[in-house]
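Engineer: Compact mmCIF, C-alpha atoms and all ligand atoms, saved as query_17.txt, coming up:
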# COMPACT_ATOMS: atom_id res chain seq x y z
CA MET X 1399 19.83 15.02 0.00
CA ALA X 1400 21.13 13.38 3.14
CA ALA X 1401 23.32 10.40 2.36
CA ASP X 1402 22.30 8.60 5.55
CA GLY X 1403 20.50 5.28 5.73
CA PRO X 1404 21.08 2.02 3.90
CA LYS X 1405 22.17 1.88 0.27
CA VAL X 1406 19.02 1.53 -1.84
CA GLN X 1407 20.01 2.62 -5.36
CA TRP X 1408 20.37 -0.32 -7.76
CA GLU X 1409 23.13 1.27 -9.83
CA LEU X 1410 25.30 1.85 -6.75
CA MET X 1411 25.00 -1.64 -5.32
CA LEU X 1412 27.52 -4.46 -5.39
CA PRO X 1413 25.97 -7.87 -6.13
CA HIS X 1414 26.01 -9.02 -2.50
CA GLU X 1415 24.29 -5.79 -1.44
CA MET X 1416 21.63 -6.25 -4.12
CA LYS X 1417 21.05 -9.85 -3.02
CA ALA X 1418 20.56 -8.82 0.61
CA ALA X 1419 18.27 -5.89 -0.24
CA LEU X 1420 16.14 -8.02 -2.56
CA GLU X 1421 15.78 -10.76 0.06
CA ALA X 1422 14.82 -8.20 2.69
CA CYS X 1423 12.14 -6.50 0.54
CA PRO X 1424 11.52 -7.47 -3.11
CA THR X 1425 9.86 -4.18 -4.11
CA ALA X 1426 11.22 -2.07 -6.96
CA PHE X 1427 10.75 1.68 -7.22
CA VAL X 1428 10.65 2.98 -10.80
CA PRO X 1429 10.89 6.81 -10.76
CA LEU X 1430 9.78 8.68 -13.89
CA GLY X 1431 10.33 12.31 -14.88
CA THR X 1432 11.45 14.41 -17.79
CA LEU X 1433 13.50 17.47 -18.73
CA GLU X 1434 11.16 20.44 -18.56
CA TRP X 1435 11.05 24.13 -17.75
CA HIS X 1436 9.86 24.58 -14.16
CA GLY X 1437 10.29 28.33 -13.84
CA TYR X 1438 13.42 30.44 -13.60
CA GLN X 1439 13.97 29.20 -10.03
CA ASN X 1440 14.07 25.40 -10.45
CA ALA X 1441 16.45 22.91 -12.06
CA LEU X 1442 15.09 21.52 -15.35
CA GLY X 1443 15.15 17.93 -14.14
CA LEU X 1444 12.76 18.65 -11.27
CA ASP X 1445 10.22 15.91 -12.03
CA ALA X 1446 12.73 13.05 -12.15
CA LEU X 1447 14.87 14.46 -9.31
CA LYS X 1448 11.78 14.75 -7.10
CA ALA X 1449 10.44 11.27 -7.91
CA HIS X 1450 13.84 9.64 -7.44
CA ALA X 1451 14.57 11.37 -4.13
CA LEU X 1452 11.14 10.46 -2.74
CA CYS X 1453 11.67 6.82 -3.76
CA VAL X 1454 15.13 6.77 -2.13
CA ARG X 1455 13.69 8.09 1.14
CA ALA X 1456 10.82 5.58 0.99
CA ALA X 1457 13.15 2.65 0.30
CA ARG X 1458 15.39 3.62 3.21
CA GLN X 1459 12.36 3.73 5.46
CA GLY X 1460 10.34 0.74 4.28
CA GLY X 1461 12.68 -1.35 2.13
CA GLY X 1462 12.99 -1.90 -1.60
CA ILE X 1463 15.40 -0.97 -4.36
CA VAL X 1464 15.30 2.20 -6.48
CA LEU X 1465 15.98 2.19 -10.23
CA PRO X 1466 17.66 5.17 -11.87
CA PRO X 1467 15.04 7.72 -12.98
CA LEU X 1468 13.81 7.93 -16.57
CA TYR X 1469 14.09 11.41 -18.09
CA GLY X 1470 11.44 11.67 -20.82
CA GLY X 1471 7.70 11.22 -21.06
CA VAL X 1472 4.45 12.34 -22.64
CA GLY X 1473 3.85 16.07 -23.00
CA GLY X 1474 5.65 19.05 -21.55
CA VAL X 1475 5.21 22.82 -21.41
CA ALA X 1476 5.94 25.01 -24.45
CA GLU X 1477 8.97 26.65 -22.83
CA PRO X 1478 12.73 26.46 -23.42
CA TYR X 1479 14.94 23.46 -22.67
CA THR X 1480 11.93 21.11 -22.51
CA VAL X 1481 12.01 17.64 -24.03
CA VAL X 1482 8.65 16.47 -25.40
CA MET X 1483 9.11 12.83 -26.39
CA GLU X 1484 5.47 12.55 -27.43
CA PRO X 1485 3.05 15.45 -27.70
CA GLU X 1486 -0.23 15.69 -25.81
CA PRO X 1487 -3.11 15.23 -25.99
CA THR X 1488 -3.18 11.49 -26.32
CA PHE X 1489 -4.54 8.66 -24.21
CA SER X 1490 -1.61 6.34 -24.70
CA SER X 1491 2.14 6.38 -25.23
CA HIS X 1492 4.07 4.64 -27.99
CA LEU X 1493 7.34 5.02 -26.07
CA LEU X 1494 6.59 4.93 -22.37
CA GLU X 1495 4.18 1.99 -22.28
CA PRO X 1496 6.44 -0.55 -24.05
CA TRP X 1497 9.40 0.66 -21.97
CA LEU X 1498 7.41 0.11 -18.77
CA ARG X 1499 6.22 -3.31 -19.92
CA GLY X 1500 9.82 -4.28 -20.64
CA ILE X 1501 11.30 -3.07 -17.39
CA LEU X 1502 8.46 -4.51 -15.28
CA ALA X 1503 8.84 -7.95 -16.90
CA GLU X 1504 12.58 -7.80 -16.20
CA LEU X 1505 11.95 -6.87 -12.56
CA LYS X 1506 9.72 -9.93 -12.15
CA ARG X 1507 12.31 -12.17 -13.84
CA ILE X 1508 15.09 -10.87 -11.59
CA GLY X 1509 13.08 -11.65 -8.47
CA PHE X 1510 11.03 -8.62 -7.53
CA ARG X 1511 7.53 -9.31 -6.23
CA ALA X 1512 6.09 -5.79 -6.33
CA ALA X 1513 6.76 -2.48 -8.08
CA ILE X 1514 5.91 1.16 -7.55
CA VAL X 1515 6.13 3.36 -10.65
CA LEU X 1516 6.22 6.93 -9.33
CA THR X 1517 5.88 9.60 -11.96
CA GLY X 1518 7.03 13.09 -10.96
CA HIS X 1519 5.98 14.32 -14.42
CA TYR X 1520 2.22 14.45 -14.69
CA GLY X 1521 0.68 15.63 -17.82
CA ALA X 1522 -2.76 14.04 -18.08
CA SER X 1523 -1.64 11.55 -20.72
CA GLN X 1524 1.44 10.52 -18.75
CA GLN X 1525 -0.70 9.78 -15.68
CA ILE X 1526 -3.18 7.70 -17.66
CA ALA X 1527 -0.45 5.77 -19.50
CA VAL X 1528 1.39 4.98 -16.25
CA ARG X 1529 -1.66 3.88 -14.26
CA GLU X 1530 -3.17 1.87 -17.13
CA THR X 1531 0.12 0.06 -17.83
CA ALA X 1532 0.60 -0.69 -14.13
CA VAL X 1533 -2.88 -2.22 -13.90
CA ARG X 1534 -2.37 -4.33 -17.01
CA GLU X 1535 1.06 -5.57 -15.92
CA SER X 1536 -0.22 -6.32 -12.39
CA GLN X 1537 -2.47 -8.86 -14.05
CA ARG X 1538 -0.06 -10.12 -16.69
CA LEU X 1539 2.89 -10.55 -14.30
CA ALA X 1540 0.71 -11.50 -11.29
CA ILE X 1541 2.54 -9.14 -8.94
CA PRO X 1542 1.12 -5.87 -7.56
CA ILE X 1543 2.27 -2.78 -9.47
CA LEU X 1544 1.21 0.71 -8.49
CA GLY X 1545 1.58 3.45 -11.13
CA THR X 1546 0.84 6.94 -9.82
CA PRO X 1547 2.01 10.53 -9.72
CA GLU X 1548 3.38 11.45 -6.29
CA TYR X 1549 0.87 14.24 -5.62
CA LEU X 1550 -2.03 11.76 -5.65
CA LEU X 1551 -0.54 10.32 -2.44
CA ALA X 1552 -0.69 13.68 -0.64
CA MET X 1553 -3.83 15.46 -1.78
CA ASP X 1554 -5.18 15.33 1.78
CA ALA X 1555 -2.07 17.32 2.77
CA GLY X 1556 -3.18 20.07 0.37
CA TYR X 1557 -0.93 19.06 -2.53
CA LEU X 1558 -3.14 18.88 -5.62
CA GLY X 1559 -0.23 18.91 -8.09
CA ASP X 1560 1.23 22.02 -9.70
CA HIS X 1561 3.95 22.99 -12.14
CA GLY X 1562 6.96 24.68 -10.56
CA GLY X 1563 4.59 26.48 -8.18
CA ARG X 1564 4.30 26.41 -4.40
CA PHE X 1565 4.48 22.64 -4.02
CA GLU X 1566 6.95 21.43 -6.63
CA THR X 1567 9.32 24.24 -5.66
CA SER X 1568 8.94 23.38 -1.96
CA LEU X 1569 9.62 19.70 -2.67
CA LEU X 1570 12.80 20.48 -4.59
CA MET X 1571 13.88 22.87 -1.79
CA ALA X 1572 13.52 19.96 0.66
CA LEU X 1573 14.97 17.20 -1.52
CA HIS X 1574 17.70 19.12 -3.41
CA PRO X 1575 18.11 22.59 -1.85
CA GLU X 1576 21.14 23.35 -4.02
CA LEU X 1577 18.95 23.18 -7.15
CA VAL X 1578 16.51 26.00 -6.27
CA ASP X 1579 17.25 29.72 -6.48
CA LEU X 1580 14.19 31.83 -5.64
CA SER X 1581 16.16 35.03 -6.36
CA ARG X 1582 15.85 34.15 -10.06
CA LEU X 1583 12.15 35.05 -9.90
CA GLU X 1584 12.15 38.77 -10.56
CA GLY X 1585 9.25 41.19 -10.33
CA PRO X 1586 5.66 40.35 -9.46
CA PRO X 1587 3.82 37.17 -10.56
CA PRO X 1588 2.70 35.65 -12.86
CA TYR X 1589 6.07 34.06 -13.54
CA ARG X 1590 6.94 32.46 -16.83
CA GLY X 1591 5.90 28.84 -17.40
CA ILE X 1592 4.78 27.86 -13.93
CA GLY X 1593 1.38 26.99 -12.47
CA GLY X 1594 0.10 26.89 -8.90
CA GLY X 1595 0.81 29.03 -5.85
CA ASP X 1596 3.47 31.77 -5.92
CA PRO X 1597 6.78 30.08 -5.02
CA LYS X 1598 8.32 33.33 -3.82
CA ARG X 1599 5.68 33.86 -1.16
CA GLU X 1600 4.54 30.29 -0.46
CA SER X 1601 7.43 27.86 -1.01
CA SER X 1602 9.81 26.70 1.71
CA ALA X 1603 11.93 23.69 2.56
CA ASP X 1604 9.72 23.14 5.63
CA GLU X 1605 6.65 22.91 3.43
CA GLY X 1606 8.51 20.50 1.15
CA GLU X 1607 9.50 18.35 4.12
CA ARG X 1608 5.92 18.27 5.38
CA VAL X 1609 4.57 17.03 2.03
CA SER X 1610 7.54 14.69 1.47
CA LYS X 1611 6.89 12.99 4.77
CA VAL X 1612 3.27 12.22 3.87
CA ILE X 1613 4.31 10.76 0.49
CA VAL X 1614 7.33 8.85 1.82
CA ASP X 1615 5.43 7.30 4.77
CA ARG X 1616 2.76 5.98 2.40
CA LEU X 1617 5.26 4.71 -0.17
CA ALA X 1618 7.26 2.99 2.56
CA ARG X 1619 4.17 1.21 3.90
CA LEU X 1620 3.26 0.05 0.41
CA ALA X 1621 6.81 -1.11 -0.35
CA ARG X 1622 6.86 -3.17 2.84
CA HIS X 1623 3.44 -4.76 2.39
CA MET X 1624 2.90 -5.16 -1.37
CA PRO X 1625 5.20 -8.21 -1.87
CA ARG X 1626 3.20 -10.04 0.81
CA TRP X 1627 -0.26 -9.39 -0.63
CA ASP X 1628 -2.20 -12.55 -1.42
CA ASP X 1629 -4.13 -12.93 -4.68
CA THR X 1630 -7.36 -11.67 -3.12
CA THR X 1631 -5.69 -8.45 -1.97
CA ARG X 1632 -3.96 -7.97 -5.31
CA THR X 1633 -7.26 -8.50 -7.14
CA ALA X 1634 -9.00 -5.89 -4.94
CA PHE X 1635 -6.11 -3.48 -5.60
CA ILE X 1636 -6.35 -4.07 -9.36
CA ARG X 1637 -10.14 -3.51 -9.32
CA ALA X 1638 -9.66 -0.18 -7.54
CA GLU X 1639 -6.87 1.03 -9.84
CA GLN X 1640 -8.80 -0.18 -12.90
CA ALA X 1641 -11.88 1.76 -11.75
CA LEU X 1642 -9.75 4.87 -11.29
CA VAL X 1643 -8.20 4.73 -14.75
CA SER X 1644 -11.55 3.82 -16.34
CA HIS X 1645 -13.07 6.90 -14.75
CA GLN X 1646 -10.26 9.06 -16.09
CA LEU X 1647 -10.54 7.61 -19.59
CA GLU X 1648 -14.32 7.97 -19.61
CA LEU X 1649 -14.29 11.64 -18.58
CA GLY X 1650 -11.40 12.40 -20.92
CA GLY X 1651 -13.00 10.53 -23.79
CA ARG X 1652 -16.34 12.24 -23.41
CA ALA X 1653 -14.72 15.68 -23.43
CA GLY X 1654 -12.12 14.77 -26.06
CA ASP X 1655 -9.50 16.13 -23.65
CA ALA X 1656 -7.37 13.96 -21.35
CA TRP X 1657 -7.28 16.77 -18.76
CA ALA X 1658 -11.07 16.56 -18.31
CA ALA X 1659 -10.46 13.60 -16.01
CA TRP X 1660 -9.00 16.02 -13.47
CA HIS X 1661 -11.83 18.54 -13.54
CA ASP X 1662 -13.25 16.75 -10.51
CA ALA X 1663 -9.83 16.18 -8.94
CA ARG X 1664 -11.18 16.75 -5.43
CA ARG X 1665 -12.76 13.31 -5.50
CA TYR X 1666 -9.24 11.85 -5.27
CA VAL X 1667 -8.35 13.64 -2.00
CA PRO X 1668 -8.55 10.53 0.27
CA TYR X 1669 -6.74 8.29 -2.26
CA GLY X 1670 -3.27 8.45 -0.64
CA GLU X 1671 -4.48 7.43 2.78
CA TRP X 1672 -6.74 4.72 1.40
CA VAL X 1673 -4.21 3.07 -0.90
CA ALA X 1674 -1.58 2.94 1.86
CA ALA X 1675 -4.18 1.43 4.23
CA GLU X 1676 -5.27 -1.08 1.54
CA ARG X 1677 -8.83 0.29 1.60
CA PHE X 1678 -9.38 -0.70 -2.02
CA ALA X 1679 -13.18 -1.08 -1.93
CA GLU X 1680 -13.42 2.57 -0.90
CA ILE X 1681 -11.16 3.67 -3.76
CA GLU X 1682 -13.25 1.67 -6.19
CA ALA X 1683 -16.48 3.21 -4.88
CA MET X 1684 -14.95 6.71 -5.08
CA ALA X 1685 -13.89 6.10 -8.68
CA ARG X 1686 -17.36 4.85 -9.60
CA LEU X 1687 -19.18 7.93 -8.30
CA PRO X 1688 -21.04 9.62 -11.14
ZN ZN P 1701 6.87 19.03 -12.57
Using C-alpha cells, write down the structure from this file.
Ligand SMILES: [Zn+2]
Structural biologist:
Amino acid sequence: MAADGPKVQWELMLPHEMKAALEACPTAFVPLGTLEWHGYQNALGLDALKAHALCVRAARQGGGIVLPPLYGGVGGVAEPYTVVMEPEPTFSSHLLEPWLRGILAELKRIGFRAAIVLTGHYGASQQIAVRETAVRESQRLAIPILGTPEYLLAMDAGYLGDHGGRFETSLLMALHPELVDLSRLEGPPPYRGIGGGDPKRESSADEGERVSKVIVDRLARLARHMPRWDDTTRTAFIRAEQALVSHQLELGGRAGDAWAAWHDARRYVPYGEWVAAERFAEIEAMARLP
C-alpha cells in the first residue's frame, strides 16, 4: 500500500500528531477481520488487511484516525489455518459485542464524536452483531456509529460480497499486491474454500482499485460529516440502521438461519450511495419492504 498522505494510524502517532488529527476530524475507524482461509492464492489475514487498508485510505482522504485491526470474529470456513472464535449460526456474539462496547465507550471518552466499524469478515452473525451493537451504542453514547461490512457500501458497483473470489482477491491485489499469488490456484475451478467469481479469470488489481474507490469515497464522506450531524440527523440514521438490522433478524429468525437475511440481498444495492448521501428515510423504507 502506498505510504503517501498524512499519518492516520493511531498506533503510529506521537501525541501531538494525535491531538491535531483528532481536532481536525474526530472520527474513529475500527477495522475488523479474522484469520481465515481465503483460497490458496490469498494471505490468511485478508479480511482484516482489507478493512484496515480501506480505512487508512478513507482517513487520508476525508479525515479521521484508524485503530489497529481486530483479528477474530464470529464464524469462519471449515478450512485450515482458520480461527473461529465463536461458531455460527448465532444471532449475537459473547466476545465481539462486549469488546465493541468497550472500545466505543473509550473512543467517546478520549474525544471522538463519530465511529465507523468496518468489518472485512462477514459471516451473517458477524454482520448482525456489528450493526446491532453500532445502533445500540449510537444511542447509548449519543454519537453516530456505523457498523457495516465493506461490500454493503459498493453493491451498486457489482460487489455483493464473496469469499476469496473475484472481489476479495481483486481488493487484496489492489491494497496489498505482495500478498496475492494467483499461480497458487492450480487446475480448473472450483478451488478449495472460496466462493464467488473465479479469481484466476476475473480478478485484477484494476478491478480492486475500482471497487476500493467506491468504498473509500463513501467512507471518507461519512468520516468528514458524521461528527457534525445534529441530533435529528443522528436519530434518522439510527432509525434507518435499526430498520435494517430488524429486517435481518426477522428474516433470520423466521428461517432459523442467520443467512436467510441475505436471501434478498439485492434490496440492499442502493445502500452505499444512500448512507453516504444521508438519505436515511430511503434506507428505512427499503428495509421495511415486505
Ligand atoms: Zn473474507
Engineer: Can you tell me which residues sit at most 12 Å away from ligand ZN 1701 (chain P), counting all atoms listed in the file, written as a PyMOL selection string?
Structural biologist: chain X and resi 1430-1437+1440-1449+1469-1471+1473-1475+1480+1517-1521+1524+1547-1549+1559-1570+1591-1594
Engineer: Convert the current residue selection to file output with C-alpha atoms, as a JSON list (two decimals), in the frame of the given file.
Structural biologist:
[["chain", "number", "residue", "atom", "x", "y", "z"],
["X", 1430, "LEU", "CA", 9.78, 8.68, -13.89],
["X", 1431, "GLY", "CA", 10.33, 12.31, -14.88],
["X", 1432, "THR", "CA", 11.45, 14.41, -17.79],
["X", 1433, "LEU", "CA", 13.50, 17.47, -18.73],
["X", 1434, "GLU", "CA", 11.16, 20.44, -18.56],
["X", 1435, "TRP", "CA", 11.05, 24.13, -17.75],
["X", 1436, "HIS", "CA", 9.86, 24.58, -14.16],
["X", 1437, "GLY", "CA", 10.29, 28.33, -13.84],
["X", 1440, "ASN", "CA", 14.07, 25.40, -10.45],
["X", 1441, "ALA", "CA", 16.45, 22.91, -12.06],
["X", 1442, "LEU", "CA", 15.09, 21.52, -15.35],
["X", 1443, "GLY", "CA", 15.15, 17.93, -14.14],
["X", 1444, "LEU", "CA", 12.76, 18.65, -11.27],
["X", 1445, "ASP", "CA", 10.22, 15.91, -12.03],
["X", 1446, "ALA", "CA", 12.73, 13.05, -12.15],
["X", 1447, "LEU", "CA", 14.87, 14.46, -9.31],
["X", 1448, "LYS", "CA", 11.78, 14.75, -7.10],
["X", 1449, "ALA", "CA", 10.44, 11.27, -7.91],
["X", 1469, "TYR", "CA", 14.09, 11.41, -18.09],
["X", 1470, "GLY", "CA", 11.44, 11.67, -20.82],
["X", 1471, "GLY", "CA", 7.70, 11.22, -21.06],
["X", 1473, "GLY", "CA", 3.85, 16.07, -23.00],
["X", 1474, "GLY", "CA", 5.65, 19.05, -21.55],
["X", 1475, "VAL", "CA", 5.21, 22.82, -21.41],
["X", 1480, "THR", "CA", 11.93, 21.11, -22.51],
["X", 1517, "THR", "CA", 5.88, 9.60, -11.96],
["X", 1518, "GLY", "CA", 7.03, 13.09, -10.96],
["X", 1519, "HIS", "CA", 5.98, 14.32, -14.42],
["X", 1520, "TYR", "CA", 2.22, 14.45, -14.69],
["X", 1521, "GLY", "CA", 0.68, 15.63, -17.82],
["X", 1524, "GLN", "CA", 1.44, 10.52, -18.75],
["X", 1547, "PRO", "CA", 2.01, 10.53, -9.72],
["X", 1548, "GLU", "CA", 3.38, 11.45, -6.29],
["X", 1549, "TYR", "CA", 0.87, 14.24, -5.62],
["X", 1559, "GLY", "CA", -0.23, 18.91, -8.09],
["X", 1560, "ASP", "CA", 1.23, 22.02, -9.70],
["X", 1561, "HIS", "CA", 3.95, 22.99, -12.14],
["X", 1562, "GLY", "CA", 6.96, 24.68, -10.56],
["X", 1563, "GLY", "CA", 4.59, 26.48, -8.18],
["X", 1564, "ARG", "CA", 4.30, 26.41, -4.40],
["X", 1565, "PHE", "CA", 4.48, 22.64, -4.02],
["X", 1566, "GLU", "CA", 6.95, 21.43, -6.63],
["X", 1567, "THR", "CA", 9.32, 24.24, -5.66],
["X", 1568, "SER", "CA", 8.94, 23.38, -1.96],
["X", 1569, "LEU", "CA", 9.62, 19.70, -2.67],
["X", 1570, "LEU", "CA", 12.80, 20.48, -4.59],
["X", 1591, "GLY", "CA", 5.90, 28.84, -17.40],
["X", 1592, "ILE", "CA", 4.78, 27.86, -13.93],
["X", 1593, "GLY", "CA", 1.38, 26.99, -12.47],
["X", 1594, "GLY", "CA", 0.10, 26.89, -8.90]]
Engineer: Please measure the separation of atom CA of Ala1512 of chain X and atom CA of Ala1641 of chain X, giving the value in Å to one decimal.
Structural biologist: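 Taking atom CA of Ala1512 of chain X and atom CA of Ala1641 of chain X, their separation equals 20.2 Å.
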Engineer: Just want the 9 Å neighbourhood of Ile1541 of chain X, counted on all atoms listed in the file, with same-chain residues fewer than 3 positions away dropped. Output as a PyMOL selection string.
Structural biologist: chain X and resi 1506+1510-1513+1535-1538+1624-1625+1627+1629+1632
Engineer: Considering only C-alpha atoms, return as a list in words whatever protein or nucleic-acid residues lie within 12 Å of Gly1500 of chain X, sequence-local ones (same chain, fewer than 6 positions apart) excluded.
Structural biologist: Leu1493, Leu1494, Lys1506, Arg1507, Thr1531, Ala1532, Glu1535 and Leu1539 of chain X
Engineer: Separation of atom CA of Ile1501 of chain X and atom CA of Thr1425 of chain X, in Å?
Structural biologist: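 Separation of atom CA of Ile1501 of chain X and atom CA of Thr1425 of chain X: 13.4 Å.
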Engineer: Using only C-alpha atoms, pick whichever of X:Pro1542, X:Gly1461, X:Pro1467, X:Gly1556 has the shortest atom-to-atom distance to Gly1670 of chain X.
Structural biologist: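 Of X:Pro1542, X:Gly1461, X:Pro1467, X:Gly1556, the one nearest Gly1670 of chain X is X:Gly1556, counting only C-alpha atoms.
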Engineer: Could you tell me how far atom CA of Ala1653 of chain X lies from atom CA of Glu1530 of chain X, in Å and to one decimal?
Structural biologist: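 Going from atom CA of Ala1653 of chain X over to atom CA of Glu1530 of chain X, I get 19.1 Å.
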Engineer: Would you please work out which residue, of X:Val1609, X:Ala1674, X:Ala1656, X:Leu1505, is nearest to Met1553 of chain X when using all atoms listed in the file?
Structural biologist: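 Going through X:Val1609, X:Ala1674, X:Ala1656, X:Leu1505 one by one, the smallest distance to Met1553 of chain X is for X:Val1609.
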Engineer: Enumerate, as an MDAnalysis selection string, the protein, DNA and RNA residues whose atoms approach (11.8, -2.3, 0.5) to within 6 Å, taking into account all atoms listed in the file and the coordinate frame of the file.
Structural biologist: chainID X and resid 1423 1425 1457 1460:1462 1621:1622
Engineer: Near segment 1411-1413 of chain X, within 12 Å and counting all atoms listed in the file, which residues show up once chain neighbours fewer than 4 positions away are dropped, as a list in words?
Structural biologist: Pro1404, Lys1405, Val1406, Gln1407, Lys1417, Ala1418, Ala1419, Leu1420, Ile1463, Val1464, Leu1465 and Pro1466 of chain X
